[in-house]
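Heads up, the thing below is written out as structure tokens.
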Amino acid sequence: MLPLTKFWVLEGFQLFDKLSRTSMMRICDMLEMQYVNKGDAIPLINGIDKKVYFLKNGAVKIINKDSEIAKYIVRKGHIFGELVLYDPHTTVEQAAVALEDCIICSIAATKMVALMDQHESLKNGVFKIYGTRIKKLERRLQDLLYKDSSTRIKEFVIAYIFDFGTSKEEKVIAKKLLSHKDIAHLTNTSRQTVSNVMSTLRKAHIIDYNSQYISIHKNYKIQQQVS
């Protein structure tokens, strides 16, 4: 693949915002680019081959390799598989599955570590990503302690739409990539509770959905602040 095409892949990643074009092009030479079909697995570790992935298009679900329980969702413009940068000896009990057709680039973990040593902004960016992951985990634990299941589901669904959706007229519309079972795992609830809450939110005209899409009024957050 031509370096310029890979350069397009890295555009939009905040991780590389402070790097020069020359540095970006050098990084592009190290990348492997691939198209991944919906439903396909992406091996986070293949034997001793450890890589970090950059998701240009699509969405990826990170699951527990043994139980297949969803742990978190990665959207375009973000990286995954970065755990190998902090623990090079990890066997990683996680797997990645494409929720839709994806374009990803990967780089060997050893090369990524070398780049982080050369570019302070890149190192800081990766540490920030890891810190954000920890904060989200802490927030989920707090939610378990202080929020009921219905509130957790409602907040997760609304956040998902705004994170993964695009504005169209008066609505924010996102692809319905997650099953009720996935949402139940991500909110530590049951699939039946998810179904009940989703139905209640639709009857209250807070969200709308079908088998392919889920939407919400684009001013929902503003309306909530006013009320």
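All residue names refer to the structure tokens as shown: chains lettered A, B, ... in order, residues numbered from 1 in each chain, ligands numbered from 1 in order.
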* Give me the residues within 7 Å of Val172 (chain A) as a VMD selection string, counting only C-alpha atoms and dropping any in the same chain fewer than 3 places off. => chain A and resid 161 to 162 165 to 168 215 to 218
* List every residue of region 67-222 of chain A that DSSP, applied to the backbone, labels as strand (DSSP E), and write the result as a ChimeraX atom specification. => /A:70-75,78-80,94-98,102-108,166-168,171-175,207-209,213-217
Write the residues you've just listed into a file as a CSV table (one decimal), in the first residue's frame, and include N, CA, C and O atoms for each of them.
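Done, and the output landed in result-v2.csv:
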```csv
chain,number,residue,atom,x,y,z
A,70,ALA,N,-18.8,-8.8,26.3
A,70,ALA,CA,-18.3,-7.6,25.8
A,70,ALA,C,-17.8,-6.7,26.9
A,70,ALA,O,-18.4,-6.6,28.0
A,71,LYS,N,-16.6,-6.2,26.7
A,71,LYS,CA,-15.9,-5.3,27.7
A,71,LYS,C,-16.0,-3.8,27.4
A,71,LYS,O,-16.3,-3.0,28.2
A,72,TYR,N,-15.8,-3.5,26.1
A,72,TYR,CA,-16.0,-2.1,25.7
A,72,TYR,C,-16.0,-2.1,24.2
A,72,TYR,O,-15.7,-3.0,23.5
A,73,ILE,N,-16.4,-0.9,23.6
A,73,ILE,CA,-16.5,-0.7,22.2
A,73,ILE,C,-15.5,0.3,21.7
A,73,ILE,O,-15.3,1.4,22.4
A,74,VAL,N,-14.9,0.1,20.6
A,74,VAL,CA,-13.9,1.0,20.0
A,74,VAL,C,-14.5,1.6,18.8
A,74,VAL,O,-15.1,0.9,17.9
A,75,ARG,N,-14.5,3.0,18.7
A,75,ARG,CA,-15.0,3.6,17.5
A,75,ARG,C,-13.9,4.2,16.6
A,75,ARG,O,-12.7,4.2,17.1
A,78,HIS,N,-9.8,5.7,16.9
A,78,HIS,CA,-9.2,5.3,18.2
A,78,HIS,C,-8.3,4.0,18.0
A,78,HIS,O,-8.4,3.4,17.0
A,79,ILE,N,-7.5,3.7,19.0
A,79,ILE,CA,-6.6,2.6,18.9
A,79,ILE,C,-7.1,1.5,19.9
A,79,ILE,O,-7.9,1.7,20.8
A,80,PHE,N,-6.7,0.2,19.6
A,80,PHE,CA,-7.0,-0.9,20.5
A,80,PHE,C,-5.8,-1.8,20.5
A,80,PHE,O,-4.9,-1.8,19.6
A,94,GLN,N,-8.2,-11.0,26.0
A,94,GLN,CA,-9.2,-10.3,25.3
A,94,GLN,C,-9.1,-10.6,23.8
A,94,GLN,O,-8.1,-11.0,23.3
A,95,ALA,N,-10.2,-10.4,23.1
A,95,ALA,CA,-10.3,-10.6,21.6
A,95,ALA,C,-11.0,-9.4,21.0
A,95,ALA,O,-11.8,-8.7,21.8
A,96,ALA,N,-10.9,-9.1,19.8
A,96,ALA,CA,-11.6,-8.1,19.1
A,96,ALA,C,-12.4,-8.6,18.0
A,96,ALA,O,-12.0,-9.5,17.2
A,97,VAL,N,-13.6,-8.1,17.8
A,97,VAL,CA,-14.5,-8.6,16.8
A,97,VAL,C,-15.1,-7.4,16.1
A,97,VAL,O,-15.5,-6.4,16.7
A,98,ALA,N,-15.1,-7.4,14.7
A,98,ALA,CA,-15.6,-6.3,14.0
A,98,ALA,C,-17.1,-6.2,14.0
A,98,ALA,O,-17.8,-7.2,13.7
A,102,CYS,N,-14.7,-2.9,8.6
A,102,CYS,CA,-13.7,-2.0,9.1
A,102,CYS,C,-12.5,-1.8,8.2
A,102,CYS,O,-12.1,-2.7,7.4
A,103,ILE,N,-11.8,-0.7,8.4
A,103,ILE,CA,-10.5,-0.4,7.8
A,103,ILE,C,-9.6,-0.2,9.0
A,103,ILE,O,-9.8,0.7,9.8
A,104,ILE,N,-8.5,-1.0,9.2
A,104,ILE,CA,-7.6,-0.9,10.3
A,104,ILE,C,-6.2,-0.9,9.8
A,104,ILE,O,-5.9,-1.5,8.7
A,105,CYS,N,-5.3,-0.3,10.6
A,105,CYS,CA,-3.9,-0.4,10.3
A,105,CYS,C,-3.3,-1.0,11.6
A,105,CYS,O,-3.8,-0.7,12.7
A,106,SER,N,-2.2,-1.7,11.5
A,106,SER,CA,-1.5,-2.2,12.7
A,106,SER,C,0.0,-2.0,12.6
A,106,SER,O,0.5,-1.8,11.5
A,107,ILE,N,0.6,-2.0,13.8
A,107,ILE,CA,2.0,-1.8,13.8
A,107,ILE,C,2.5,-2.7,14.9
A,107,ILE,O,1.9,-2.9,16.0
A,108,ALA,N,3.7,-3.3,14.7
A,108,ALA,CA,4.3,-4.2,15.8
A,108,ALA,C,4.5,-3.4,17.1
A,108,ALA,O,4.9,-2.2,17.0
A,166,THR,N,-24.4,10.1,13.8
A,166,THR,CA,-24.1,11.3,13.1
A,166,THR,C,-25.4,12.1,13.0
A,166,THR,O,-26.5,11.5,13.0
A,167,SER,N,-25.3,13.4,13.0
A,167,SER,CA,-26.5,14.3,12.9
A,167,SER,C,-27.2,14.2,11.6
A,167,SER,O,-26.5,14.3,10.5
A,168,LYS,N,-28.5,14.1,11.6
A,168,LYS,CA,-29.2,14.2,10.3
A,168,LYS,C,-30.5,14.9,10.6
A,168,LYS,O,-31.4,14.3,11.4
A,171,LYS,N,-32.2,14.8,14.3
A,171,LYS,CA,-31.8,13.6,15.0
A,171,LYS,C,-30.3,13.3,14.9
A,171,LYS,O,-29.6,13.7,14.0
A,172,VAL,N,-29.9,12.5,15.9
A,172,VAL,CA,-28.6,11.9,15.9
A,172,VAL,C,-28.9,10.4,15.7
A,172,VAL,O,-29.6,9.8,16.5
A,173,ILE,N,-28.3,9.8,14.6
A,173,ILE,CA,-28.7,8.4,14.2
A,173,ILE,C,-27.4,7.6,14.2
A,173,ILE,O,-26.4,7.9,13.6
A,174,ALA,N,-27.5,6.4,14.9
A,174,ALA,CA,-26.3,5.5,15.0
A,174,ALA,C,-26.8,4.1,14.5
A,174,ALA,O,-27.9,3.8,14.6
A,175,LYS,N,-25.8,3.4,13.9
A,175,LYS,CA,-26.1,2.0,13.6
A,175,LYS,C,-26.3,1.2,14.8
A,175,LYS,O,-25.6,1.4,15.8
A,207,ILE,N,-36.0,7.8,22.6
A,207,ILE,CA,-35.2,7.2,21.5
A,207,ILE,C,-36.2,6.6,20.6
A,207,ILE,O,-37.4,6.4,20.9
A,208,ASP,N,-35.7,6.2,19.4
A,208,ASP,CA,-36.4,5.4,18.4
A,208,ASP,C,-35.4,4.4,17.8
A,208,ASP,O,-34.2,4.7,17.7
A,209,TYR,N,-35.9,3.3,17.4
A,209,TYR,CA,-35.0,2.3,16.9
A,209,TYR,C,-35.7,1.3,16.1
A,209,TYR,O,-36.9,1.1,16.2
A,213,TYR,N,-31.0,0.8,13.0
A,213,TYR,CA,-30.6,2.1,13.5
A,213,TYR,C,-31.3,2.4,14.8
A,213,TYR,O,-32.4,1.9,15.2
A,214,ILE,N,-30.6,3.3,15.6
A,214,ILE,CA,-31.2,3.8,16.8
A,214,ILE,C,-30.9,5.3,16.8
A,214,ILE,O,-29.8,5.8,16.4
A,215,SER,N,-31.9,6.1,17.3
A,215,SER,CA,-31.8,7.6,17.1
A,215,SER,C,-32.3,8.3,18.4
A,215,SER,O,-33.0,7.7,19.2
A,216,ILE,N,-31.9,9.6,18.5
A,216,ILE,CA,-32.4,10.4,19.5
A,216,ILE,C,-32.4,11.9,19.0
A,216,ILE,O,-31.7,12.2,18.1
A,217,HIS,N,-33.2,12.7,19.6
A,217,HIS,CA,-33.2,14.1,19.2
A,217,HIS,C,-31.9,14.7,19.5
A,217,HIS,O,-31.3,14.5,20.6
```
* Long-range neighbours of Asp101 (chain A) as a list in words, 9 Å cut-off, only C-alpha atoms, 3 positions minimum in chain -> Tyr35, Val36, Asn37, Lys38, Gly39, Asp40, Asn57, Gly58, Ala59 and Ala98 of chain A
* **alpha helix (DSSP H) call set, DSSP backbone run, region 19-227 of chain A, as number ranges by chain** => A: 21-30, 83-86, 109-118, 120-146, 149-164, 180-187, 191-203, 220-226
* Structure fact -> CA of Asn210 (chain A) sits from CA of Arg152 (chain A) at a separation of 21.2 Å
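For the atom pair formed by CA of Met25 (chain A) and CA of Val126 (chain A), the distance is 19.1 Å, given to one decimal.
Here the question is which of A:Val52, A:Leu178, A:Leu186, A:Leu83 gets nearest to Ile134 (chain A) using only C-alpha atoms, and that residue is A:Leu83.
You can rank A:Ser211, A:Gln118, A:Gln34, A:Ser149 by their closest distance to Gln192 (chain A) using only C-alpha atoms, and at the top of that list sits A:Ser149.
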Contacts of region 17-22 of chain A within 8 Å, only C-alpha atoms, excl. fewer than 3 positions in-chain, as a JSON list (two decimals) with N, CA, C and O atoms, in the first residue's frame:
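Writing the result to around_15.json gives the following:
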```
[["chain", "number", "residue", "atom", "x", "y", "z"],
["A", 13, "PHE", "N", -6.65, 10.89, 13.77],
["A", 13, "PHE", "CA", -6.26, 10.34, 15.07],
["A", 13, "PHE", "C", -5.57, 11.43, 15.89],
["A", 13, "PHE", "O", -4.50, 11.92, 15.51],
["A", 14, "GLN", "N", -6.18, 11.83, 17.00],
["A", 14, "GLN", "CA", -5.59, 12.87, 17.83],
["A", 14, "GLN", "C", -4.20, 12.48, 18.33],
["A", 14, "GLN", "O", -3.38, 13.33, 18.63],
["A", 25, "MET", "N", 4.82, 10.25, 7.83],
["A", 25, "MET", "CA", 5.12, 9.42, 6.66],
["A", 25, "MET", "C", 6.05, 8.26, 7.03],
["A", 25, "MET", "O", 5.93, 7.16, 6.50],
["A", 26, "ARG", "N", 6.98, 8.52, 7.95],
["A", 26, "ARG", "CA", 7.87, 7.45, 8.41],
["A", 26, "ARG", "C", 7.08, 6.36, 9.14],
["A", 26, "ARG", "O", 7.34, 5.17, 8.98],
["A", 119, "HIS", "N", 9.12, 10.18, 20.30],
["A", 119, "HIS", "CA", 8.16, 11.29, 20.26],
["A", 119, "HIS", "C", 7.41, 11.39, 21.58],
["A", 119, "HIS", "O", 6.56, 10.54, 21.89],
["A", 121, "SER", "N", 5.15, 13.46, 22.57],
["A", 121, "SER", "CA", 3.71, 13.70, 22.42],
["A", 121, "SER", "C", 2.97, 12.39, 22.17],
["A", 121, "SER", "O", 1.84, 12.20, 22.63]]
```
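Using only C-alpha atoms, the nearest neighbour of Ser23 (chain A) within the list A:Leu10, A:Ala109, A:Ile153, A:Ala184 is A:Leu10.
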* Can you list, as a PyMOL selection string, every protein, DNA or RNA residue that comes within 12 Å of Leu85 (chain A) when you count only C-alpha atoms, leaving out same-chain residues fewer than 6 positions away? -> chain A and resi 50-53+79+92+107-117+123+126-127+129-130
Suppose we keep C-alpha atoms; can you now write the selection as a PDB file, in the first residue's frame?
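Saved as again_36.pdb:
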```pdb
ATOM      1  CA  LYS A  50       2.011  -8.465  19.245  1.00  0.00           C
ATOM      2  CA  LYS A  51       0.452  -5.468  17.524  1.00  0.00           C
ATOM      3  CA  VAL A  52      -1.305  -2.200  18.204  1.00  0.00           C
ATOM      4  CA  TYR A  53      -4.271  -1.368  15.976  1.00  0.00           C
ATOM      5  CA  ILE A  79      -6.632   2.556  18.924  1.00  0.00           C
ATOM      6  CA  VAL A  92      -4.101 -10.760  26.752  1.00  0.00           C
ATOM      7  CA  ILE A 107       2.025  -1.797  13.843  1.00  0.00           C
ATOM      8  CA  ALA A 108       4.299  -4.163  15.757  1.00  0.00           C
ATOM      9  CA  ALA A 109       4.276  -3.368  19.476  1.00  0.00           C
ATOM     10  CA  THR A 110       8.097  -3.169  19.542  1.00  0.00           C
ATOM     11  CA  LYS A 111       8.067  -0.534  16.802  1.00  0.00           C
ATOM     12  CA  MET A 112       5.333   1.422  18.580  1.00  0.00           C
ATOM     13  CA  VAL A 113       7.369   1.478  21.786  1.00  0.00           C
ATOM     14  CA  ALA A 114      10.388   2.763  19.840  1.00  0.00           C
ATOM     15  CA  LEU A 115       8.246   5.527  18.309  1.00  0.00           C
ATOM     16  CA  MET A 116       6.955   6.511  21.752  1.00  0.00           C
ATOM     17  CA  ASP A 117      10.550   6.832  22.940  1.00  0.00           C
ATOM     18  CA  LYS A 123       3.973   8.664  24.491  1.00  0.00           C
ATOM     19  CA  VAL A 126      -0.918   6.695  24.590  1.00  0.00           C
ATOM     20  CA  PHE A 127      -0.730   7.181  28.372  1.00  0.00           C
ATOM     21  CA  ILE A 129      -5.702   6.701  26.317  1.00  0.00           C
ATOM     22  CA  TYR A 130      -4.784   4.196  29.011  1.00  0.00           C
TER      23      TYR A 130
END
```
* To do: Compile the contact shell of Leu144 (chain A) as a list in words: residues with an atom at most 10 Å away, counting only C-alpha atoms, same-chain residues fewer than 5 positions apart removed.
  =>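 Near Leu144 (chain A), the qualifying residues are Glu138, Arg139, Ser149, Arg152, Thr187, Asn188 and Thr189 of chain A.
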* Counting only C-alpha atoms, figure out which residue out of A:Ile63, A:Asp29, A:Ile42, A:Asn196 gets nearest to Lys154 (chain A). =>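 Ranked by minimum distance to Lys154 (chain A), first place goes to A:Asn196.
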* Residue nearest Arg191 (chain A) among A:Gln224, A:Asn64, A:Asn124, A:Ser150 (counting only C-alpha atoms) -> A:Ser150
* Pairwise distance for CA of Lys65 (chain A) and CA of Glu93 (chain A), rounded to one decimal in Å ->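 Going from CA of Lys65 (chain A) over to CA of Glu93 (chain A), I get 5.5 Å.
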* To do: Can you work out which one of A:Thr151, A:Asn219, A:Thr132, A:Gln212 has the shortest atom-to-atom distance to Thr193 (chain A), counting only C-alpha atoms?
  =>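 Selected residue with least distance to Thr193 (chain A): A:Thr151.
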